[in-house]
>>> print(open('query_18.txt').read())   # compact mmCIF, C-alpha atoms
# COMPACT_ATOMS: atom_id res chain seq x y z
CA MET I 977 35.12 -30.60 -40.52
CA THR I 978 34.65 -32.10 -43.99
CA PHE I 979 36.76 -34.95 -45.36
CA ARG I 980 38.65 -32.59 -47.68
CA GLU I 981 39.43 -30.23 -44.82
CA TRP I 982 40.65 -33.13 -42.70
CA THR I 983 43.00 -34.35 -45.43
CA GLU I 984 44.75 -30.98 -45.29
CA GLN I 985 45.74 -31.63 -41.67
CA PRO I 986 49.11 -33.30 -40.86
CA LEU I 987 47.26 -35.84 -38.72
CA PHE I 988 45.69 -37.29 -41.87
CA GLY I 989 49.01 -38.41 -43.34
CA ILE I 990 50.20 -39.83 -40.02
CA ALA I 991 46.96 -41.70 -39.33
CA LEU I 992 46.75 -43.11 -42.85
CA THR I 993 50.33 -44.39 -42.71
CA VAL I 994 49.97 -46.00 -39.29
CA LEU I 995 46.63 -47.65 -40.08
CA ALA I 996 47.90 -48.95 -43.43
CA TYR I 997 51.00 -50.41 -41.77
CA VAL I 998 48.99 -52.10 -39.02
CA PHE I 999 46.71 -53.63 -41.64
CA ALA I 1000 49.79 -54.73 -43.62
CA LEU I 1001 51.11 -56.54 -40.53
CA VAL I 1002 47.78 -58.33 -40.16
CA LEU I 1003 47.94 -59.44 -43.79
CA GLN I 1004 51.50 -60.68 -43.33
CA GLN I 1005 50.39 -62.94 -40.49
CA ARG I 1006 48.16 -64.75 -42.99
CA TRP I 1007 50.38 -64.49 -46.05
CA LYS I 1008 54.03 -64.59 -44.95
CA ALA I 1009 55.36 -63.62 -48.37
CA LEU I 1010 53.79 -60.16 -48.16
CA HIS I 1011 56.30 -57.51 -47.10
CA PRO I 1012 54.53 -55.08 -44.71
CA LEU I 1013 56.29 -52.00 -46.09
CA LEU I 1014 55.42 -52.89 -49.67
CA THR I 1015 51.82 -53.65 -48.71
CA CYS I 1016 51.56 -50.45 -46.68
CA SER I 1017 52.83 -48.35 -49.59
CA ALA I 1018 50.37 -50.00 -51.97
CA LEU I 1019 47.48 -49.37 -49.57
CA VAL I 1020 48.39 -45.70 -49.13
CA ILE I 1021 48.72 -45.17 -52.88
CA ALA I 1022 45.42 -46.97 -53.55
CA PHE I 1023 43.62 -44.85 -50.96
CA LEU I 1024 44.99 -41.57 -52.30
CA LEU I 1025 44.08 -42.48 -55.87
CA SER I 1026 40.61 -43.74 -55.03
CA THR I 1027 39.74 -40.64 -52.99
CA ASN I 1028 41.52 -38.14 -55.28
CA VAL I 1029 43.54 -36.83 -52.34
CA PRO I 1030 46.67 -35.05 -53.69
CA TYR I 1031 50.06 -36.28 -52.59
CA GLU I 1032 50.89 -32.80 -51.28
CA ALA I 1033 48.08 -33.15 -48.71
CA TYR I 1034 49.32 -36.56 -47.57
CA ARG I 1035 52.90 -35.32 -47.43
CA LYS I 1036 52.08 -32.79 -44.69
CA GLY I 1037 51.79 -35.68 -42.28
CA GLY I 1038 54.06 -38.06 -44.17
CA ASP I 1039 57.01 -35.75 -43.57
CA TYR I 1040 56.65 -36.39 -39.84
CA ILE I 1041 57.06 -40.12 -40.53
CA VAL I 1042 60.15 -39.38 -42.63
CA PHE I 1043 61.58 -37.33 -39.75
CA LEU I 1044 61.41 -40.43 -37.54
CA LEU I 1045 63.85 -42.23 -39.86
CA GLY I 1046 66.67 -40.51 -38.00
CA PRO I 1047 65.78 -41.73 -34.49
CA ALA I 1048 64.93 -45.18 -35.85
CA THR I 1049 68.36 -45.44 -37.47
CA VAL I 1050 70.08 -44.32 -34.27
CA ALA I 1051 68.19 -47.03 -32.38
CA LEU I 1052 70.13 -49.63 -34.38
CA GLY I 1053 73.13 -48.61 -32.29
CA ILE I 1054 71.83 -50.68 -29.36
CA PRO I 1055 72.40 -54.15 -30.90
CA LEU I 1056 75.55 -52.77 -32.50
CA TYR I 1057 76.91 -51.91 -29.05
CA LYS I 1058 75.97 -55.33 -27.69
CA ASN I 1059 77.94 -57.09 -30.45
CA ALA I 1060 80.76 -54.56 -30.78
CA GLN I 1061 83.51 -57.00 -29.83
CA ARG I 1062 82.50 -59.61 -32.41
CA ILE I 1063 82.30 -56.93 -35.08
CA ARG I 1064 85.70 -55.62 -34.06
CA ASN I 1065 87.22 -59.09 -34.39
CA ALA I 1066 85.95 -59.37 -37.97
CA LEU I 1067 86.46 -55.73 -38.93
CA LEU I 1068 88.82 -56.34 -41.85
CA PRO I 1069 86.56 -58.71 -43.84
CA ILE I 1070 83.54 -56.57 -42.99
CA ALA I 1071 85.32 -53.45 -44.27
CA ALA I 1072 86.37 -55.29 -47.44
CA GLY I 1073 82.78 -56.37 -48.08
CA ILE I 1074 81.42 -52.87 -47.49
CA THR I 1075 84.00 -51.34 -49.84
CA ALA I 1076 83.36 -53.88 -52.60
CA GLY I 1077 79.60 -53.54 -52.21
CA SER I 1078 79.60 -49.74 -52.22
CA ILE I 1079 81.80 -49.51 -55.30
CA SER I 1080 79.74 -52.18 -57.08
CA ALA I 1081 76.47 -50.36 -56.32
CA LEU I 1082 77.77 -47.10 -57.79
CA LEU I 1083 79.24 -48.77 -60.88
CA LEU I 1084 76.13 -50.85 -61.54
CA ALA I 1085 73.87 -47.81 -61.27
CA THR I 1086 76.16 -45.87 -63.59
CA GLY I 1087 76.30 -48.67 -66.13
CA LEU I 1088 72.53 -49.17 -66.08
CA VAL I 1089 71.68 -45.50 -66.65
CA TRP I 1090 74.34 -45.03 -69.31
CA GLY I 1091 73.41 -48.26 -71.03
CA LEU I 1092 69.78 -47.15 -71.29
CA GLY I 1093 70.73 -43.67 -72.48
CA GLY I 1094 69.70 -41.82 -69.32
CA SER I 1095 70.63 -38.23 -68.55
CA ARG I 1096 73.23 -37.00 -66.08
CA GLU I 1097 70.42 -35.84 -63.79
CA LEU I 1098 68.97 -39.35 -63.71
CA LEU I 1099 72.44 -40.78 -63.13
CA VAL I 1100 73.15 -38.76 -59.99
CA THR I 1101 69.58 -39.45 -58.87
CA MET I 1102 70.05 -43.20 -59.04
CA MET I 1103 73.65 -43.64 -57.90
CA PRO I 1104 73.10 -43.25 -54.12
CA LYS I 1105 70.06 -45.61 -54.05
CA SER I 1106 71.83 -48.26 -51.93
CA VAL I 1107 72.55 -46.04 -48.91
CA THR I 1108 70.16 -45.01 -46.15
CA SER I 1109 67.43 -42.59 -47.24
CA PRO I 1110 68.48 -39.39 -45.38
CA ILE I 1111 71.99 -39.54 -46.83
CA ALA I 1112 70.84 -40.68 -50.27
CA LEU I 1113 68.44 -37.74 -50.50
CA GLU I 1114 71.10 -35.25 -49.49
CA ILE I 1115 73.65 -36.66 -51.94
CA SER I 1116 71.09 -36.45 -54.74
CA ARG I 1117 70.07 -32.92 -53.77
CA GLN I 1118 73.64 -31.62 -53.55
CA ALA I 1119 74.66 -33.27 -56.83
CA GLY I 1120 71.73 -31.86 -58.78
CA GLY I 1121 69.57 -34.98 -58.89
CA ILE I 1122 65.87 -35.45 -58.18
CA PRO I 1123 65.52 -36.18 -54.44
CA GLU I 1124 61.92 -37.39 -54.74
CA LEU I 1125 62.91 -40.01 -57.32
CA THR I 1126 65.95 -40.93 -55.25
CA ALA I 1127 63.64 -41.60 -52.31
CA VAL I 1128 61.54 -43.97 -54.43
CA LEU I 1129 64.59 -45.80 -55.78
CA THR I 1130 66.12 -46.07 -52.32
CA VAL I 1131 62.98 -47.58 -50.81
CA LEU I 1132 62.63 -49.99 -53.75
CA THR I 1133 66.26 -51.05 -53.34
CA GLY I 1134 65.73 -51.73 -49.66
CA LEU I 1135 62.48 -53.59 -50.31
CA ILE I 1136 63.97 -55.82 -52.99
CA GLY I 1137 67.01 -56.52 -50.83
CA SER I 1138 64.95 -57.35 -47.76
CA MET I 1139 62.54 -59.57 -49.70
CA PHE I 1140 65.01 -61.52 -51.83
CA GLY I 1141 68.47 -60.82 -50.38
CA PRO I 1142 68.50 -63.39 -47.52
CA GLY I 1143 67.12 -66.09 -49.81
CA LEU I 1144 69.65 -65.41 -52.55
CA LEU I 1145 72.49 -65.43 -50.04
CA TRP I 1146 71.24 -68.76 -48.70
CA LEU I 1147 71.11 -70.23 -52.21
CA ALA I 1148 74.65 -68.96 -52.79
CA GLY I 1149 75.82 -70.88 -49.74
CA VAL I 1150 76.28 -67.86 -47.46
CA ARG I 1151 75.33 -68.95 -43.94
CA ASP I 1152 77.52 -66.83 -41.66
CA ASP I 1153 75.67 -64.05 -39.81
CA ILE I 1154 78.52 -61.59 -40.27
CA SER I 1155 78.63 -62.15 -44.03
CA ILE I 1156 74.86 -61.88 -44.34
CA GLY I 1157 74.78 -58.70 -42.26
CA THR I 1158 77.56 -57.11 -44.30
CA ALA I 1159 75.84 -57.86 -47.60
CA ILE I 1160 72.36 -56.77 -46.56
CA GLY I 1161 73.47 -53.62 -44.71
CA THR I 1162 75.65 -52.47 -47.60
CA SER I 1163 73.04 -53.04 -50.29
CA SER I 1164 69.66 -52.68 -48.57
CA HIS I 1165 70.29 -50.16 -45.74
CA GLY I 1166 67.69 -49.81 -42.97
CA ILE I 1167 64.87 -51.79 -44.59
CA GLY I 1168 67.08 -54.81 -45.06
CA THR I 1169 68.55 -54.41 -41.58
CA ALA I 1170 65.08 -54.37 -40.01
CA ARG I 1171 64.33 -57.62 -41.86
CA ILE I 1172 67.35 -59.69 -40.84
CA ILE I 1173 67.59 -58.46 -37.24
CA ARG I 1174 64.43 -60.47 -36.59
CA ASP I 1175 66.35 -63.64 -37.51
CA SER I 1176 69.70 -62.84 -35.89
CA GLU I 1177 70.74 -59.99 -33.62
CA LEU I 1178 74.36 -60.43 -34.72
CA ALA I 1179 73.45 -60.22 -38.41
CA GLY I 1180 71.31 -57.17 -37.69
CA SER I 1181 74.13 -55.54 -35.73
CA VAL I 1182 76.63 -56.07 -38.53
CA SER I 1183 74.03 -54.85 -41.02
CA GLY I 1184 73.53 -51.66 -39.02
CA PHE I 1185 77.28 -51.07 -38.94
CA ALA I 1186 77.58 -51.81 -42.66
CA MET I 1187 74.70 -49.45 -43.43
CA GLY I 1188 76.40 -46.55 -41.66
CA ALA I 1189 79.85 -47.30 -43.05
CA ALA I 1190 78.51 -47.71 -46.59
CA ALA I 1191 76.74 -44.35 -46.33
CA ILE I 1192 79.99 -42.62 -45.32
CA LEU I 1193 82.03 -44.42 -47.96
CA THR I 1194 79.50 -43.73 -50.72
CA SER I 1195 79.43 -40.04 -49.80
CA LEU I 1196 83.23 -39.90 -50.11
CA LEU I 1197 83.28 -41.85 -53.37
CA PHE I 1198 80.61 -39.57 -54.78
CA ILE I 1199 82.91 -36.52 -54.59
CA PRO I 1200 85.33 -37.54 -57.40
CA LEU I 1201 82.48 -39.10 -59.37
CA TYR I 1202 80.52 -35.86 -59.20
CA TRP I 1203 83.40 -33.79 -60.55
CA TRP I 1204 84.06 -36.39 -63.25
CA LEU I 1205 80.43 -36.27 -64.36
CA ARG I 1206 80.28 -32.49 -64.61
>>> encode(input="query_18.txt", output="structure tokens")
Amino acid sequence: MTFREWTEQPLFGIALTVLAYVFALVLQQRWKALHPLLTCSALVIAFLLSTNVPYEAYRKGGDYIVFLLGPATVALGIPLYKNAQRIRNALLPIAAGITAGSISALLLATGLVWGLGGSRELLVTMMPKSVTSPIALEISRQAGGIPELTAVLTVLTGLIGSMFGPGLLWLAGVRDDISIGTAIGTSSHGIGTARIIRDSELAGSVSGFAMGAAAILTSLLFIPLYWWLR
């Protein structure tokens, strides 16, 4: 089997992604500032460009990785269950933070696209960027956006939030795990949650809850916005 024939197999996309991520973890051990997901993405892109392998060939295996987003998200329910009582005790402030964050994310995306003269298609593509990828893609698809671009914006939002969110919250004087979890989960979905759960299981649990609640709330808020934008 030639190299070109192998790249047409789903195993190529899976192997390339896994190897790039493992190498990214090795690099992070030496340079802590490197985010493994960002490094992994850069390595995959560099390999595809340098070998002239089309994205469509990589996607045959990459779609299997995307499919695993669902089970990985469900797995966040374990720490959520373990800290359910503490989340229940602080449910009102958590819900207020999720609501404020979800509305702010939608309004900021709308203002940015309108301010730069973007089209309606770009607007509905960008608006769900702060919720978890499977829901963001479906919202974009149903509203007439560009799901592929939504996927990119969603990942970038999660990456930026996971890389700079905890530090910015610390500088702002936010120290409480529940507050940090609410902010990161609402704005940076699964990528941000995976980052802060390494520092605090409680913060990660709240972030997982906020991620799911923000996805539901954003989907509901998108209904009147969609009809208004038509």
>>> residues_around(input="query_18.txt", residues="range 1113-1123 of chain I", least_positions_apart="2", cutoff="9 Å", atoms="all atoms listed in the file", output="VMD selection string")
chain I and resid 1096 to 1105 1108 to 1111 1125 to 1128 1130 1195 1198 1202
>>> atom_distance(input="query_18.txt", atom1="CA of Asp1039 in chain I", atom2="CA of Gly989 in chain I")
8.4 Å
>>> residues_around(input="query_18.txt", residues="Thr993 in chain I", least_positions_apart="2", cutoff="8 Å", atoms="only C-alpha atoms", output="short mmCIF file (atom, residue, chain, number, x, y, z; two decimals) with C-alpha atoms, in the coordinates of the input")
data_model
loop_
_atom_site.label_atom_id
_atom_site.label_comp_id
_atom_site.auth_asym_id
_atom_site.auth_seq_id
_atom_site.Cartn_x
_atom_site.Cartn_y
_atom_site.Cartn_z
CA GLY I 989 49.01 -38.41 -43.34
CA ILE I 990 50.20 -39.83 -40.02
CA ALA I 991 46.96 -41.70 -39.33
CA LEU I 995 46.63 -47.65 -40.08
CA ALA I 996 47.90 -48.95 -43.43
CA TYR I 997 51.00 -50.41 -41.77
CA CYS I 1016 51.56 -50.45 -46.68
CA VAL I 1020 48.39 -45.70 -49.13
CA GLY I 1038 54.06 -38.06 -44.17
#
>>> residues_around(input="query_18.txt", residues="range 1000-1002 of chain I", least_positions_apart="2", cutoff="10 Å", atoms="all atoms listed in the file", output="list in words")
Val994, Leu995, Ala996, Tyr997, Val998, Gln1004, Gln1005, Arg1006, Trp1007, Lys1008, Leu1010, His1011, Pro1012, Leu1013, Leu1014, Thr1015, Cys1016, Ser1017, Ala1018 and Leu1019 of chain I
>>> atom_distance(input="query_18.txt", atom1="CA of Leu1197 in chain I", atom2="CA of His1165 in chain I")
17.2 Å
>>> residues_around(input="query_18.txt", residues="Phe979 in chain I", least_positions_apart="6", cutoff="12 Å", atoms="all atoms listed in the file", output="MDAnalysis selection string")
chainID I and resid 985 988 1027:1029 1033
>>> atom_distance(input="query_18.txt", atom1="CA of Ile1063 in chain I", atom2="CA of Arg1171 in chain I")
19.2 Å
>>> closest_residue(input="query_18.txt", among="I:Gly1166, I:Ile1199, I:Glu984, I:Gly1157", to="Pro1047 in chain I", atoms="all atoms listed in the file")
I:Gly1166
>>> residues_around(input="query_18.txt", residues="Ile1160 in chain I", least_positions_apart="3", cutoff="8 Å", atoms="only C-alpha atoms", output="list in words")
Gly1137, Ser1138, Gly1141, Pro1142, Ile1156, Gly1157, Ser1163, Ser1164, His1165, Gly1168, Thr1169 and Ser1183 of chain I
>>> closest_atom_pairs(input="query_18.txt", of="range 1074-1170 of chain I", to="range 1186-1190 of chain I", cutoff="7 Å", atoms="all atoms listed in the file", output="Markdown table")
| residue | atom | partner | partner_atom | distance |
| --- | --- | --- | --- | --- |
| I:Ile1074 | CA | I:Ala1190 | CA | 6.0 |
| I:Ser1078 | CA | I:Ala1190 | CA | 6.1 |
| I:Val1107 | CA | I:Ala1190 | CA | 6.6 |
| I:Thr1108 | CA | I:Met1187 | CA | 6.9 |
| I:Thr1158 | CA | I:Ala1186 | CA | 5.5 |
| I:Gly1161 | CA | I:Met1187 | CA | 4.5 |
| I:Thr1162 | CA | I:Met1187 | CA | 5.2 |
| I:His1165 | CA | I:Met1187 | CA | 5.0 |
>>> axis_aligned_box(input="query_18.txt", around="range 1020-1027 of chain I", padding_each_side="6 Å", output="JSON")
{"center_x": 44.2, "center_y": -43.8, "center_z": -52.5, "size_x": 21.0, "size_y": 18.3, "size_z": 18.7}
>>> decode(input="query_18.txt", residues="range 1039-1077 of chain I", atoms="N, CA and C atoms", output="mmCIF file, in the first residue's frame")
data_model
loop_
_atom_site.group_PDB
_atom_site.id
_atom_site.type_symbol
_atom_site.label_atom_id
_atom_site.label_comp_id
_atom_site.auth_asym_id
_atom_site.auth_seq_id
_atom_site.Cartn_x
_atom_site.Cartn_y
_atom_site.Cartn_z
ATOM 1 N N ASP I 1039 -13.410 12.207 11.747
ATOM 2 C CA ASP I 1039 -14.815 12.158 12.163
ATOM 3 C C ASP I 1039 -15.031 11.159 13.295
ATOM 4 N N TYR I 1040 -14.201 10.117 13.345
ATOM 5 C CA TYR I 1040 -14.311 9.168 14.457
ATOM 6 C C TYR I 1040 -13.894 9.837 15.772
ATOM 7 N N ILE I 1041 -12.892 10.710 15.710
ATOM 8 C CA ILE I 1041 -12.469 11.461 16.890
ATOM 9 C C ILE I 1041 -13.591 12.400 17.339
ATOM 10 N N VAL I 1042 -14.219 13.055 16.363
ATOM 11 C CA VAL I 1042 -15.330 13.963 16.679
ATOM 12 C C VAL I 1042 -16.466 13.196 17.346
ATOM 13 N N PHE I 1043 -16.731 11.974 16.879
ATOM 14 C CA PHE I 1043 -17.799 11.164 17.460
ATOM 15 C C PHE I 1043 -17.566 10.920 18.954
ATOM 16 N N LEU I 1044 -16.309 10.825 19.349
ATOM 17 C CA LEU I 1044 -15.977 10.553 20.748
ATOM 18 C C LEU I 1044 -16.208 11.756 21.653
ATOM 19 N N LEU I 1045 -16.516 12.926 21.074
ATOM 20 C CA LEU I 1045 -16.844 14.087 21.897
ATOM 21 C C LEU I 1045 -18.052 13.812 22.779
ATOM 22 N N GLY I 1046 -19.015 13.070 22.229
ATOM 23 C CA GLY I 1046 -20.213 12.759 23.002
ATOM 24 C C GLY I 1046 -19.913 11.969 24.263
ATOM 25 N N PRO I 1047 -19.289 10.783 24.137
ATOM 26 C CA PRO I 1047 -18.938 10.014 25.337
ATOM 27 C C PRO I 1047 -18.029 10.769 26.296
ATOM 28 N N ALA I 1048 -17.102 11.559 25.759
ATOM 29 C CA ALA I 1048 -16.198 12.324 26.628
ATOM 30 C C ALA I 1048 -16.967 13.358 27.442
ATOM 31 N N THR I 1049 -17.970 13.982 26.813
ATOM 32 C CA THR I 1049 -18.784 14.957 27.529
ATOM 33 C C THR I 1049 -19.615 14.282 28.608
ATOM 34 N N VAL I 1050 -20.175 13.123 28.290
ATOM 35 C CA VAL I 1050 -20.975 12.382 29.274
ATOM 36 C C VAL I 1050 -20.118 11.976 30.472
ATOM 37 N N ALA I 1051 -18.846 11.689 30.230
ATOM 38 C CA ALA I 1051 -17.950 11.283 31.314
ATOM 39 C C ALA I 1051 -17.786 12.367 32.360
ATOM 40 N N LEU I 1052 -18.043 13.627 31.989
ATOM 41 C CA LEU I 1052 -17.961 14.716 32.964
ATOM 42 C C LEU I 1052 -19.050 14.611 34.028
ATOM 43 N N GLY I 1053 -20.024 13.742 33.788
ATOM 44 C CA GLY I 1053 -21.090 13.555 34.772
ATOM 45 C C GLY I 1053 -20.607 12.881 36.051
ATOM 46 N N ILE I 1054 -19.466 12.210 36.010
ATOM 47 C CA ILE I 1054 -18.962 11.516 37.200
ATOM 48 C C ILE I 1054 -18.562 12.498 38.293
ATOM 49 N N PRO I 1055 -17.661 13.473 38.021
ATOM 50 C CA PRO I 1055 -17.366 14.456 39.072
ATOM 51 C C PRO I 1055 -18.570 15.324 39.413
ATOM 52 N N LEU I 1056 -19.460 15.534 38.445
ATOM 53 C CA LEU I 1056 -20.671 16.297 38.708
ATOM 54 C C LEU I 1056 -21.531 15.589 39.747
ATOM 55 N N TYR I 1057 -21.652 14.284 39.633
ATOM 56 C CA TYR I 1057 -22.424 13.490 40.591
ATOM 57 C C TYR I 1057 -21.786 13.534 41.978
ATOM 58 N N LYS I 1058 -20.462 13.481 42.018
ATOM 59 C CA LYS I 1058 -19.751 13.469 43.293
ATOM 60 C C LYS I 1058 -19.915 14.795 44.045
ATOM 61 N N ASN I 1059 -20.097 15.880 43.325
ATOM 62 C CA ASN I 1059 -20.228 17.197 43.960
ATOM 63 C C ASN I 1059 -21.625 17.774 43.804
ATOM 64 N N ALA I 1060 -22.605 16.909 43.584
ATOM 65 C CA ALA I 1060 -23.971 17.372 43.312
ATOM 66 C C ALA I 1060 -24.540 18.213 44.445
ATOM 67 N N GLN I 1061 -24.287 17.813 45.685
ATOM 68 C CA GLN I 1061 -24.863 18.535 46.817
ATOM 69 C C GLN I 1061 -24.308 19.950 46.918
ATOM 70 N N ARG I 1062 -23.019 20.122 46.726
ATOM 71 C CA ARG I 1062 -22.421 21.452 46.793
ATOM 72 C C ARG I 1062 -22.917 22.336 45.646
ATOM 73 N N ILE I 1063 -23.126 21.743 44.496
ATOM 74 C CA ILE I 1063 -23.684 22.506 43.378
ATOM 75 C C ILE I 1063 -25.127 22.890 43.661
ATOM 76 N N ARG I 1064 -25.868 21.980 44.259
ATOM 77 C CA ARG I 1064 -27.267 22.253 44.588
ATOM 78 C C ARG I 1064 -27.373 23.394 45.593
ATOM 79 N N ASN I 1065 -26.462 23.448 46.535
ATOM 80 C CA ASN I 1065 -26.495 24.502 47.553
ATOM 81 C C ASN I 1065 -26.211 25.885 46.965
ATOM 82 N N ALA I 1066 -25.484 25.922 45.859
ATOM 83 C CA ALA I 1066 -25.142 27.205 45.232
ATOM 84 C C ALA I 1066 -25.833 27.364 43.880
ATOM 85 N N LEU I 1067 -26.960 26.694 43.700
ATOM 86 C CA LEU I 1067 -27.612 26.653 42.393
ATOM 87 C C LEU I 1067 -28.043 28.028 41.893
ATOM 88 N N LEU I 1068 -28.573 28.862 42.790
ATOM 89 C CA LEU I 1068 -29.068 30.173 42.350
ATOM 90 C C LEU I 1068 -27.958 31.054 41.784
ATOM 91 N N PRO I 1069 -26.837 31.253 42.502
ATOM 92 C CA PRO I 1069 -25.769 32.073 41.895
ATOM 93 C C PRO I 1069 -25.154 31.436 40.658
ATOM 94 N N ILE I 1070 -25.084 30.110 40.636
ATOM 95 C CA ILE I 1070 -24.567 29.437 39.440
ATOM 96 C C ILE I 1070 -25.475 29.704 38.247
ATOM 97 N N ALA I 1071 -26.796 29.561 38.464
ATOM 98 C CA ALA I 1071 -27.761 29.800 37.388
ATOM 99 C C ALA I 1071 -27.703 31.247 36.914
ATOM 100 N N ALA I 1072 -27.527 32.186 37.842
ATOM 101 C CA ALA I 1072 -27.429 33.599 37.461
ATOM 102 C C ALA I 1072 -26.190 33.841 36.606
ATOM 103 N N GLY I 1073 -25.074 33.221 36.985
ATOM 104 C CA GLY I 1073 -23.846 33.372 36.207
ATOM 105 C C GLY I 1073 -23.965 32.769 34.819
ATOM 106 N N ILE I 1074 -24.587 31.603 34.730
ATOM 107 C CA ILE I 1074 -24.768 30.950 33.432
ATOM 108 C C ILE I 1074 -25.652 31.797 32.523
ATOM 109 N N THR I 1075 -26.734 32.325 33.081
ATOM 110 C CA THR I 1075 -27.651 33.159 32.292
ATOM 111 C C THR I 1075 -26.962 34.414 31.784
ATOM 112 N N ALA I 1076 -26.252 35.097 32.687
ATOM 113 C CA ALA I 1076 -25.553 36.324 32.293
ATOM 114 C C ALA I 1076 -24.478 36.023 31.252
ATOM 115 N N GLY I 1077 -23.749 34.938 31.454
ATOM 116 C CA GLY I 1077 -22.692 34.584 30.518
ATOM 117 C C GLY I 1077 -23.214 34.192 29.144
#
